[in-house]
Structures are given as structure tokens and as C-alpha cells.
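Pasting start-v5.txt here (compact mmCIF, C-alpha atoms):
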# COMPACT_ATOMS: atom_id res chain seq x y z
CA MET A 9 25.66 7.48 1.06
CA VAL A 10 22.32 6.76 -0.63
CA PRO A 11 19.36 6.90 1.78
CA PHE A 12 16.42 4.53 1.43
CA LEU A 13 14.18 7.56 0.92
CA ASP A 14 14.65 11.30 1.46
CA LEU A 15 11.64 12.94 3.09
CA LYS A 16 13.67 16.02 3.99
CA ALA A 17 14.48 16.72 0.34
CA GLN A 18 10.81 16.47 -0.56
CA TYR A 19 9.83 18.83 2.25
CA ARG A 20 12.43 21.40 1.23
CA ALA A 21 11.06 21.36 -2.33
CA ILE A 22 7.49 22.20 -1.23
CA LYS A 23 8.18 24.06 2.04
CA ALA A 24 7.02 27.39 0.63
CA GLU A 25 3.55 25.90 0.02
CA VAL A 26 3.28 23.47 2.94
CA ASP A 27 4.18 25.89 5.71
CA PRO A 28 1.46 28.48 4.91
CA ALA A 29 -1.11 25.71 4.44
CA VAL A 30 -0.36 24.28 7.88
CA ILE A 31 -0.34 27.71 9.50
CA ASP A 32 -3.72 28.41 7.91
CA VAL A 33 -5.14 25.35 9.68
CA LEU A 34 -3.59 26.41 12.97
CA GLU A 35 -5.01 29.92 12.66
CA SER A 36 -8.43 28.68 11.55
CA GLY A 37 -8.84 26.28 14.46
CA SER A 38 -10.19 23.56 12.10
CA PHE A 39 -8.00 20.88 13.60
CA VAL A 40 -10.22 17.85 12.90
CA LEU A 41 -11.76 17.30 9.45
CA GLY A 42 -12.70 20.76 8.16
CA PRO A 43 -12.02 22.61 4.88
CA ALA A 44 -8.44 21.37 4.36
CA VAL A 45 -9.52 17.73 4.56
CA GLN A 46 -12.45 18.41 2.23
CA ARG A 47 -10.14 20.03 -0.33
CA PHE A 48 -7.78 17.07 -0.17
CA GLU A 49 -10.60 14.54 -0.56
CA ALA A 50 -11.87 16.40 -3.62
CA ALA A 51 -8.37 16.61 -5.16
CA PHE A 52 -7.70 12.91 -4.57
CA ALA A 53 -11.03 11.89 -6.09
CA ARG A 54 -10.53 14.18 -9.09
CA THR A 55 -6.95 13.06 -9.79
CA TYR A 56 -7.65 9.34 -9.54
CA GLU A 57 -11.12 9.40 -11.12
CA LEU A 58 -12.97 8.24 -8.00
CA GLU A 59 -16.59 8.97 -7.16
CA HIS A 60 -16.14 9.31 -3.41
CA ALA A 61 -12.99 9.75 -1.31
CA ILE A 62 -13.28 9.78 2.49
CA GLY A 63 -10.21 10.79 4.48
CA CYS A 64 -9.50 9.06 7.79
CA SER A 65 -6.82 8.77 10.45
CA SER A 66 -4.61 6.00 8.97
CA GLY A 67 -4.39 3.27 6.38
CA THR A 68 -5.33 0.75 9.07
CA ALA A 69 -8.41 2.82 9.90
CA ALA A 70 -9.31 2.82 6.19
CA LEU A 71 -9.18 -0.98 6.04
CA HIS A 72 -11.25 -1.29 9.22
CA LEU A 73 -13.83 1.22 7.96
CA ALA A 74 -14.16 -0.51 4.59
CA LEU A 75 -14.74 -3.91 6.19
CA LEU A 76 -17.31 -2.47 8.60
CA ALA A 77 -19.10 -0.60 5.82
CA ALA A 78 -19.24 -3.75 3.71
CA GLY A 79 -20.92 -5.60 6.56
CA ILE A 80 -18.09 -8.07 7.15
CA GLY A 81 -18.32 -9.48 10.66
CA GLN A 82 -18.28 -12.38 13.06
CA GLY A 83 -17.84 -15.77 11.42
CA ASP A 84 -17.15 -14.41 7.93
CA GLU A 85 -14.04 -15.20 5.89
CA VAL A 86 -12.03 -12.75 3.80
CA ILE A 87 -9.59 -14.03 1.20
CA THR A 88 -6.30 -12.17 1.06
CA THR A 89 -2.56 -12.74 0.76
CA PRO A 90 0.04 -13.55 3.43
CA MET A 91 2.60 -11.40 1.58
CA THR A 92 1.54 -8.03 2.96
CA PHE A 93 1.92 -5.76 5.95
CA ILE A 94 0.09 -7.24 8.93
CA ALA A 95 -2.57 -4.48 8.97
CA THR A 96 -4.38 -6.24 6.13
CA ALA A 97 -5.02 -9.32 8.26
CA ILE A 98 -5.34 -7.51 11.61
CA THR A 99 -8.29 -5.45 10.41
CA ILE A 100 -10.06 -8.56 9.12
CA ASP A 101 -9.61 -10.03 12.59
CA LEU A 102 -10.81 -6.80 14.23
CA VAL A 103 -14.28 -7.13 12.67
CA GLY A 104 -14.54 -10.74 13.85
CA ALA A 105 -13.80 -12.33 10.49
CA THR A 106 -11.05 -14.78 9.56
CA PRO A 107 -8.32 -14.04 7.01
CA VAL A 108 -7.99 -16.88 4.50
CA PHE A 109 -4.67 -16.75 2.72
CA VAL A 110 -3.91 -17.46 -0.92
CA ASP A 111 -0.33 -17.72 -2.19
CA ILE A 112 1.30 -15.28 -4.59
CA GLU A 113 2.48 -15.08 -8.18
CA PRO A 114 6.22 -15.82 -8.11
CA ASP A 115 7.22 -12.95 -10.39
CA THR A 116 5.16 -10.09 -8.86
CA ALA A 117 4.49 -11.25 -5.27
CA LEU A 118 0.85 -10.25 -5.85
CA ILE A 119 -2.01 -12.53 -4.84
CA ASP A 120 -2.42 -15.29 -7.43
CA ALA A 121 -5.95 -14.82 -8.75
CA ASN A 122 -5.93 -18.35 -10.17
CA ARG A 123 -5.75 -19.77 -6.64
CA ILE A 124 -8.63 -17.75 -5.18
CA GLU A 125 -11.60 -19.86 -6.20
CA ALA A 126 -10.21 -22.93 -4.44
CA ALA A 127 -10.17 -20.96 -1.17
CA ILE A 128 -13.84 -19.91 -1.32
CA THR A 129 -16.18 -21.51 1.24
CA PRO A 130 -19.80 -20.83 2.27
CA ARG A 131 -18.38 -18.40 4.86
CA THR A 132 -16.44 -16.31 2.35
CA LYS A 133 -17.83 -12.79 2.11
CA ALA A 134 -15.03 -10.73 0.55
CA ILE A 135 -11.74 -10.72 -1.31
CA MET A 136 -9.08 -8.23 -0.24
CA PRO A 137 -6.31 -8.13 -2.88
CA VAL A 138 -3.20 -6.18 -1.95
CA HIS A 139 -1.61 -3.97 -4.62
CA LEU A 140 1.82 -4.79 -3.24
CA TYR A 141 4.82 -2.51 -3.82
CA GLY A 142 2.76 -0.23 -6.10
CA GLN A 143 1.40 -2.64 -8.72
CA CYS A 144 -2.24 -3.66 -9.08
CA ALA A 145 -3.20 -7.27 -8.62
CA ASP A 146 -5.06 -9.04 -11.45
CA MET A 147 -8.28 -7.16 -10.78
CA ASP A 148 -10.12 -8.27 -13.91
CA ARG A 149 -9.87 -11.91 -12.87
CA ILE A 150 -10.50 -11.15 -9.21
CA GLN A 151 -13.65 -9.15 -9.99
CA GLN A 152 -14.91 -11.94 -12.26
CA ILE A 153 -14.54 -14.43 -9.43
CA ALA A 154 -16.20 -12.07 -6.96
CA ASP A 155 -19.14 -11.46 -9.28
CA LYS A 156 -19.57 -15.20 -9.87
CA HIS A 157 -19.71 -15.95 -6.13
CA GLY A 158 -21.42 -12.78 -4.90
CA LEU A 159 -18.40 -11.48 -2.98
CA VAL A 160 -17.31 -7.95 -2.12
CA VAL A 161 -13.90 -6.81 -3.38
CA ILE A 162 -12.03 -4.43 -1.08
CA GLU A 163 -8.75 -3.19 -2.57
CA ASP A 164 -5.84 -2.75 -0.19
CA ALA A 165 -4.24 0.05 -2.19
CA ALA A 166 -2.10 1.34 0.68
CA GLN A 167 1.01 1.24 -1.54
CA ALA A 168 -0.60 2.01 -4.87
CA HIS A 169 -1.53 5.70 -5.19
CA GLY A 170 -1.81 6.30 -8.93
CA ALA A 171 -1.28 2.69 -9.99
CA LYS A 172 -3.35 1.54 -12.95
CA ILE A 173 -4.57 -1.65 -14.58
CA GLY A 174 -6.25 -1.53 -17.97
CA GLY A 175 -6.55 2.26 -17.77
CA THR A 176 -8.35 2.26 -14.41
CA PHE A 177 -6.72 3.68 -11.31
CA ALA A 178 -6.30 1.63 -8.15
CA GLY A 179 -9.22 2.45 -5.92
CA GLY A 180 -11.75 2.55 -8.72
CA ILE A 181 -12.14 -1.18 -9.35
CA GLY A 182 -13.42 -2.89 -6.21
CA ARG A 183 -16.54 -2.03 -4.23
CA LEU A 184 -14.30 -0.21 -1.76
CA ALA A 185 -10.61 0.62 -1.64
CA CYS A 186 -8.21 1.72 1.07
CA PHE A 187 -5.16 3.98 0.94
CA SER A 188 -2.46 4.86 3.45
CA PHE A 189 -0.64 8.17 3.77
CA TYR A 190 2.02 7.02 6.21
CA PRO A 191 4.98 9.41 5.71
CA GLY A 192 7.03 6.94 3.67
CA LYS A 193 4.25 6.25 1.17
CA ASN A 194 4.33 7.70 -2.36
CA LEU A 195 1.79 10.23 -1.10
CA GLY A 196 2.73 10.69 2.54
CA ALA A 197 1.32 12.85 5.32
CA TYR A 198 3.40 14.47 8.05
CA GLY A 199 1.99 11.96 10.49
CA GLU A 200 -0.71 9.34 9.95
CA GLY A 201 -3.52 9.43 7.41
CA GLY A 202 -5.70 7.20 5.26
CA LEU A 203 -8.61 7.23 2.83
CA VAL A 204 -11.48 5.02 1.68
CA SER A 205 -12.79 5.28 -1.87
CA THR A 206 -15.98 3.88 -3.38
CA ALA A 207 -18.35 4.51 -6.28
CA ASP A 208 -21.34 3.66 -4.07
CA ALA A 209 -22.93 6.78 -2.55
CA ALA A 210 -24.65 4.81 0.22
CA LEU A 211 -21.39 3.13 1.22
CA ALA A 212 -19.59 6.48 1.14
CA HIS A 213 -22.20 7.94 3.49
CA LYS A 214 -21.79 4.97 5.81
CA VAL A 215 -18.00 5.31 5.85
CA ARG A 216 -18.30 9.03 6.66
CA MET A 217 -20.55 8.17 9.61
CA LEU A 218 -18.37 5.31 10.80
CA ARG A 219 -15.23 7.49 10.90
CA ASP A 220 -17.06 10.06 13.08
CA TRP A 221 -18.73 8.08 15.86
CA GLY A 222 -21.61 6.98 13.62
CA GLN A 223 -23.03 10.49 13.39
CA ASP A 224 -25.21 11.56 10.49
CA ARG A 225 -25.44 14.98 12.16
CA LYS A 226 -23.96 16.39 15.33
CA TYR A 227 -24.90 14.38 18.43
CA HIS A 228 -27.17 12.08 16.42
CA HIS A 229 -25.49 8.67 16.30
CA ALA A 230 -27.35 6.61 13.71
CA ILE A 231 -24.91 3.68 13.94
CA LYS A 232 -22.04 2.63 16.19
CA GLY A 233 -18.91 4.27 14.85
CA LEU A 234 -15.33 5.11 15.74
CA ASN A 235 -13.03 8.09 15.99
CA TYR A 236 -11.16 7.65 12.70
CA ARG A 237 -11.26 11.29 11.55
CA MET A 238 -8.42 12.85 9.57
CA ASP A 239 -6.93 15.92 11.22
CA GLY A 240 -6.79 19.26 9.46
CA VAL A 241 -3.01 19.54 9.35
CA GLN A 242 -2.68 16.25 7.48
CA GLY A 243 -5.43 17.32 5.09
CA ALA A 244 -3.55 20.55 4.37
CA VAL A 245 -0.23 18.78 3.79
CA LEU A 246 -1.77 16.15 1.53
CA ASP A 247 -3.72 18.78 -0.42
CA VAL A 248 -0.44 20.55 -1.24
CA LYS A 249 1.23 17.27 -2.14
CA MET A 250 -1.58 16.37 -4.56
CA ARG A 251 -0.20 19.07 -6.88
CA TYR A 252 3.04 17.10 -7.19
CA VAL A 253 2.19 13.43 -6.69
CA GLU A 254 1.84 12.58 -10.38
CA ALA A 255 5.21 14.18 -11.19
CA TRP A 256 6.73 12.24 -8.30
CA THR A 257 5.15 9.06 -9.65
CA GLU A 258 6.72 9.57 -13.06
CA ALA A 259 10.05 10.28 -11.37
CA ARG A 260 9.79 6.96 -9.51
CA ARG A 261 8.99 5.19 -12.75
CA ASN A 262 12.08 6.76 -14.31
CA VAL A 263 14.23 5.59 -11.40
CA ALA A 264 12.85 2.07 -11.94
CA ARG A 265 13.82 2.24 -15.62
CA LEU A 266 17.33 3.38 -14.66
CA TYR A 267 17.60 0.51 -12.18
CA GLU A 268 16.49 -1.99 -14.82
CA LYS A 269 19.40 -0.96 -17.05
CA ALA A 270 21.99 -0.51 -14.30
CA LEU A 271 21.27 -3.79 -12.54
CA ALA A 272 20.94 -5.95 -15.65
CA GLY A 273 23.19 -8.96 -15.69
CA ILE A 274 24.28 -8.99 -12.05
CA PRO A 275 24.64 -12.70 -11.21
CA GLY A 276 22.12 -13.97 -8.69
CA VAL A 277 19.93 -10.84 -8.78
CA ILE A 278 16.32 -11.12 -9.94
CA LEU A 279 14.71 -7.79 -10.83
CA PRO A 280 11.06 -6.87 -10.16
CA VAL A 281 8.64 -6.80 -13.09
CA GLU A 282 5.88 -4.54 -14.32
CA LYS A 283 3.10 -6.60 -15.87
CA PRO A 284 1.85 -5.55 -19.33
CA GLY A 285 -1.14 -3.22 -19.21
CA ARG A 286 -0.33 -1.99 -15.71
CA ARG A 287 1.16 1.19 -14.36
CA HIS A 288 3.52 0.32 -11.52
CA VAL A 289 4.15 3.26 -9.18
CA TRP A 290 7.17 1.67 -7.46
CA HIS A 291 6.47 2.29 -3.81
CA VAL A 292 9.10 -0.40 -3.28
CA TYR A 293 11.85 -1.48 -5.66
CA GLY A 294 12.48 -4.98 -4.40
CA ILE A 295 15.05 -7.25 -5.97
CA ARG A 296 15.43 -10.92 -5.06
CA VAL A 297 18.66 -12.66 -4.15
CA ASP A 298 19.54 -16.08 -2.78
CA ALA A 299 17.95 -16.43 0.67
CA ALA A 300 21.15 -17.78 2.21
CA ARG A 301 23.02 -14.64 1.14
CA ARG A 302 20.31 -11.98 1.44
CA ASP A 303 21.12 -10.75 4.93
CA ARG A 304 24.87 -10.66 4.26
CA ILE A 305 24.28 -8.67 1.08
CA ALA A 306 22.03 -6.22 2.92
CA LYS A 307 24.61 -5.79 5.70
CA ALA A 308 27.43 -5.22 3.21
CA LEU A 309 25.37 -2.68 1.25
CA ASN A 310 24.54 -0.78 4.42
CA GLU A 311 28.23 -0.76 5.37
CA ALA A 312 28.96 0.63 1.89
CA GLY A 313 26.51 3.49 2.49
CA ILE A 314 23.52 2.05 0.60
CA ALA A 315 20.42 1.92 2.80
CA THR A 316 18.15 -1.09 2.26
CA ASN A 317 14.99 -2.56 3.75
CA LEU A 318 12.92 -5.77 3.73
CA HIS A 319 9.26 -6.06 2.60
CA TYR A 320 8.25 -8.49 4.16
CA PRO A 321 10.61 -11.12 5.59
CA ILE A 322 8.00 -13.04 7.61
CA PRO A 323 4.68 -13.62 5.80
CA VAL A 324 1.58 -13.01 7.90
CA HIS A 325 0.67 -16.71 8.19
CA LEU A 326 3.94 -17.32 10.09
CA GLN A 327 3.55 -14.36 12.45
CA PRO A 328 3.01 -15.35 16.12
CA ALA A 329 0.02 -12.99 16.22
CA PHE A 330 -1.85 -15.37 13.89
CA ALA A 331 -0.72 -18.65 15.40
CA GLU A 332 -4.36 -19.53 16.09
CA LEU A 333 -4.91 -20.06 12.37
CA GLY A 334 -2.67 -23.12 12.60
CA HIS A 335 -0.40 -22.39 9.66
CA GLY A 336 3.21 -23.50 9.51
CA PRO A 337 6.23 -23.40 7.22
CA GLY A 338 5.46 -24.75 3.79
CA ASP A 339 1.77 -23.77 3.75
CA PHE A 340 2.37 -20.86 1.34
CA PRO A 341 5.79 -21.65 -0.11
CA LEU A 342 5.93 -18.88 -2.71
CA SER A 343 5.24 -16.21 -0.10
CA GLU A 344 7.80 -17.76 2.23
CA ARG A 345 10.42 -17.88 -0.51
CA HIS A 346 9.75 -14.29 -1.51
CA GLY A 347 10.00 -13.13 2.09
CA ALA A 348 13.37 -14.83 2.42
CA GLU A 349 14.77 -13.46 -0.85
CA GLU A 350 13.37 -9.90 -1.14
CA LEU A 351 15.69 -6.93 -0.66
CA SER A 352 14.38 -3.38 -1.09
CA LEU A 353 16.73 -0.86 -2.67
CA PRO A 354 16.56 2.94 -2.29
CA MET A 355 13.58 4.41 -4.16
CA PHE A 356 12.38 8.00 -4.00
CA PRO A 357 11.43 10.58 -6.66
CA GLU A 358 14.39 12.83 -5.95
CA MET A 359 16.84 10.00 -6.59
CA THR A 360 19.42 10.87 -9.25
CA ALA A 361 20.93 8.79 -12.02
CA ALA A 362 24.28 9.06 -10.21
CA GLN A 363 22.73 7.57 -7.08
CA VAL A 364 21.22 4.70 -9.10
CA ASP A 365 24.66 4.02 -10.56
CA GLU A 366 26.17 4.13 -7.05
CA VAL A 367 23.65 1.56 -5.82
CA ALA A 368 24.26 -0.65 -8.86
CA ALA A 369 28.05 -0.52 -8.47
CA ALA A 370 27.82 -1.37 -4.78
CA LEU A 371 25.39 -4.22 -5.42
CA ARG A 372 27.59 -5.65 -8.15
CA ALA A 373 30.66 -5.53 -5.90
CA VAL A 374 28.88 -6.85 -2.83
CA THR A 375 27.20 -9.80 -4.55
CA ALA A 376 30.53 -10.84 -6.11
CA LYS A 377 32.26 -10.59 -2.73
CA VAL A 378 29.56 -12.54 -0.87
CA ALA A 379 29.50 -15.21 -3.58
CA ALA A 380 33.26 -15.60 -3.30
As C-alpha cells, the full file:
Amino acid sequence: MVPFLDLKAQYRAIKAEVDPAVIDVLESGSFVLGPAVQRFEAAFARTYELEHAIGCSSGTAALHLALLAAGIGQGDEVITTPMTFIATAITIDLVGATPVFVDIEPDTALIDANRIEAAITPRTKAIMPVHLYGQCADMDRIQQIADKHGLVVIEDAAQAHGAKIGGTFAGGIGRLACFSFYPGKNLGAYGEGGLVSTADAALAHKVRMLRDWGQDRKYHHAIKGLNYRMDGVQGAVLDVKMRYVEAWTEARRNVARLYEKALAGIPGVILPVEKPGRRHVWHVYGIRVDAARRDRIAKALNEAGIATNLHYPIPVHLQPAFAELGHGPGDFPLSERHGAEELSLPMFPEMTAAQVDEVAAALRAVTAKVAA
């Protein structure tokens, strides 16, 4: 049996540090924000070369905060991709703006920067690229377009802790960036958590107020805000994990290299790619197989003891929640094809070479059987 990820193994490895850190929060009574969250924010900013890092209650909260801080609101349009988790589009809708979708690159499933300019209208106020699966979108091109048209770039880096493009970490390129610490993420909390990063001190101050009811000091509400504060326990857990996240990232990258060799040459299997000049952190290792066979292959792998997942089978433009946008099948064909073909294989830093070989052997046998 090869699990999709192994959070218990990770906990056991750091238990001796996590448990005292959590108990310290419980004994201190600093359950919301507080010193543990501040230490984590500082460690995250230091590790990923960010000017300001503001912890919050979830990745969705981070996206919402960034849009609010950037002044995106009623009647505005935000360009993004339909190949993402729905939170990207939901938060755009929450501020009263409209998500405008652009199709993806066929090899990476990242937003195709060359299609963005055609989607810009007088109502466009921002571009929200998604660093899907742990690889940065083409940020050089996206930032050029944004600068040309006076648009704000907000990075959805929920899956990209430690990813790089051209030597710059995800989160340090756009005007604002958003991270998620959902437990299954490369850097995961023991519950929910998120973070907004920015190099703009004024924006950072605004985000800090927005996450805490708009307060600039206790009981003085300068703006209308929300309760998006990170709790102390999550800050403590994440602060401990910051000591290990880069080693875990390199372990993931090694697993990806092992997969590349072990899966080479399997008929009908297309492997994911890492673009030159980028550091992929492999939140998801998603292969592509024939859409007509994908679900049968996944079922057979699961029966063989290999856990799999799908990211994401129904692109956002085809979700019933966004029916009001009027999109239908065929509007973003590359995203639709990717959603129908993608199959996520086990990927976690503790994964062994033997487990990679086990996955590869099962995949080779299953694809041959399904094809026959």
C-alpha cells in the first residue's frame, strides 16, 4: 500500500518539537495571533525573501484579504485560470468582481500568459495567476502585461511554498501573494491557515487591519475588516515546520526525479514537466492519461493499493456555482482536456525509492491491462 501522502509519518518525525511548541501556546493563553504567529511570520518572510508576511486563518482568507487590500470590488474584472481550486474564483466573486478566465499551457496546466492580453477590458483591474501544482506561472510575461495596462498582480501561491522562477521565490513577484497551509500542503498546519505576502508596507498594514476587524489599535476600527486571524497553535506548528520545509521540498524534488525515470516509456502516460529556469516544488505529481481510460486506471491503482487523486476534474468555468458566467463545454478546451486526463500519484517527502518503484510497476501493469 502506498498512501497519497503520509501526514502521520511527518508528525512522528517532528513530534518532539511540535508537542512542546503547542503546549507552550496552551499554557501561555495566546490562542489568537500572539508570539507564535509572529515568529512564524518572521521565519516565512526570512526563508522566502519576502518583505512582509501576514498570517491569517486560511488560504481562502488570504485570497480575500489580498483582493480587498488591492481595492478590487464591485464591477471589476480579475483575469485568472479555470484550472484551479474553486477558492481562486470564489474570492474574486466575494469582493463583487468577476473572474475572467484564460486557458492554460498544455504542458504545464498553468495560465497561458500569451492569452492574457486578449482578455483585458476597461473593467480589468487585476491578474491572479495560479502557481498550480507547485510551479510558478510565467511571471515575467505576466508582470510585463500588468505594467503595460496598469493592473495589479496577485499571486495565488497556495500550492507553491518555495517555488522559484528566475531566482525569485513565489510570493515575491506580484504586488501581493497568497499562501495556504491546509494540512495536505507542502507546508501544512494542523488545521487551517494562510498567509499574505507583499513588498508594500502600506498594503501590509492594510492586510493586518483587514484580518483583525479593521483595527489599527484595540477597539479603533479604521476600516471595515473581518475575523481572519491565525490562531496561536497553527503559528506554533508552522514555526516548527519552517525548520524542515526546505529539506522536505528537496525530498519532493528527488521523488519527482525518481518518478521521471521509473515512469519513462509507459505507453499512454504523459509525465509532468518542470520548465527551464523554474524550481518546481511538486505539491502534486500529476500524470496525464487518455480521458476515456483515466477513471478505470485510477480505480485499478486504488485496488492495487496505490492511492491516487484528481486535480481538478471539472474546471471552474463548468462548475454549477459559476453558471451565471454563461460558459459551456468547449470554451476553454485545454483546461477541459487537462481536467479529464489528469491523475495525481502519491507524492510526499517521506516517500521512498521502493515506493516509487511500486507505483511505477502498478501503473505499468494497470495501463497495459486497461488498454487490453
**Report entry** Of the listed residues A:Leu279, A:Val245, A:Ala300, A:Ala370, that which approaches Ala312 of chain A most closely, counting all atoms listed in the file
**Finding:** A:Ala370
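With all atoms listed in the file taken into account, the protein and nucleic acid residues at most 8 Å from Asp111 of chain A (excluding it and anything under 5 positions from it in its own chain) are Thr89, Pro90, Met91, Ile119, Asp120, Arg123, Phe340, Pro341, Leu342 and Ser343 of chain A.
Distances here use all atoms listed in the file; by that measure, the residue among A:Leu102, A:Val253, A:Ala69, A:Val160 closest to Leu218 of chain A is A:Ala69.
Minimum atom-to-atom distance to Leu13 of chain A, evaluated using all atoms listed in the file, belongs to A:Met355 out of A:Met355, A:Leu140, A:Val40, A:Val297.
Considering the residues A:Gln363, A:Pro11, A:Thr176, A:Ala315 and counting only C-alpha atoms, Leu266 of chain A has its shortest atom-to-atom contact with A:Gln363.
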Query - Two-atom distance - atom CA of Ser352 of chain A, atom CA of His169 of chain A (Å) - result: 18.8 Å
Set the distance at 10 Å and use all atoms listed in the file: which residues neighbour Ala361 of chain A once local chain neighbours fewer than 2 positions away are removed? I'd like the list as a CSV table (one decimal) with C-alpha atoms, in the coordinates of the input.
chain,number,residue,atom,x,y,z
A,262,ASN,CA,12.1,6.8,-14.3
A,263,VAL,CA,14.2,5.6,-11.4
A,266,LEU,CA,17.3,3.4,-14.7
A,267,TYR,CA,17.6,0.5,-12.2
A,270,ALA,CA,22.0,-0.5,-14.3
A,358,GLU,CA,14.4,12.8,-6.0
A,359,MET,CA,16.8,10.0,-6.6
A,363,GLN,CA,22.7,7.6,-7.1
A,364,VAL,CA,21.2,4.7,-9.1
A,365,ASP,CA,24.7,4.0,-10.6
A,366,GLU,CA,26.2,4.1,-7.0
A,367,VAL,CA,23.6,1.6,-5.8
Query raised in the report: Of the candidates A:Ala117, A:Ala126, A:Val26, A:Cys186, which one gets nearest to Thr68 of chain A if we count only C-alpha atoms?
Result: A:Cys186
Requested in this report: Please measure the separation of atom CA of Phe93 of chain A and atom CA of Ser188 of chain A, giving the value in Å to one decimal.
Outcome: 11.8 Å
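Atom CA of Val110 of chain A is positioned 12.8 Å from atom CA of Gly338 of chain A.
Distances from A:Thr129, A:Ser65, A:Gln152, A:Gln223 to Phe187 of chain A were compared using all atoms listed in the file, and the smallest one belongs to A:Ser65.
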Any idea what's packed within 9 Å of Val281 of chain A, counting all atoms listed in the file, ignoring anything in its chain fewer than 5 positions away? Could you give it as a PDB file with C-alpha atoms, in the coordinates of the input?
ATOM      1  CA  ASP A 115       7.220 -12.950 -10.390  1.00  0.00           C
ATOM      2  CA  THR A 116       5.160 -10.090  -8.860  1.00  0.00           C
ATOM      3  CA  HIS A 288       3.520   0.320 -11.520  1.00  0.00           C
TER       4      HIS A 288
END
Query - Ref. answer, residues at most 10 Å from (-18.6, -3.8, 10.0) with all atoms listed in the file, as a ChimeraX atom specification - result: /A:72-82,100,102-105,218,232-233
Report task. Compute the distance from (-2.3, -2.4, -9.9) to each atom, counting only C-alpha atoms, keep the residues with any atom at most 8 Å away, and return them as a list in words; use the coordinates of the file. Result -> His139, Gly142, Gln143, Cys144, Ala145, Asp146, Met147, Ala168, Ala171, Lys172, Ile173, Phe177, Ala178, Arg286, Arg287 and His288 of chain A
Neighbours of Glu35 of chain A within 12 Å (only C-alpha atoms; same-chain residues fewer than 5 positions away dropped), as a PDB file with C-alpha atoms, in the coordinates of the input?
ATOM      1  CA  PRO A  28       1.460  28.480   4.910  1.00  0.00           C
ATOM      2  CA  ALA A  29      -1.110  25.710   4.440  1.00  0.00           C
ATOM      3  CA  VAL A  30      -0.360  24.280   7.880  1.00  0.00           C
ATOM      4  CA  GLY A 240      -6.790  19.260   9.460  1.00  0.00           C
ATOM      5  CA  VAL A 241      -3.010  19.540   9.350  1.00  0.00           C
TER       6      VAL A 241
END
Query raised in the report: Can you list, as a list in words, every protein, DNA or RNA residue that comes within 9 Å of Lys249 of chain A when you count only C-alpha atoms, leaving out same-chain residues fewer than 3 positions away?
Result: Ile22, Val26, Leu195, Gly196, Ala197, Ala244, Val245, Leu246, Tyr252 and Val253 of chain A
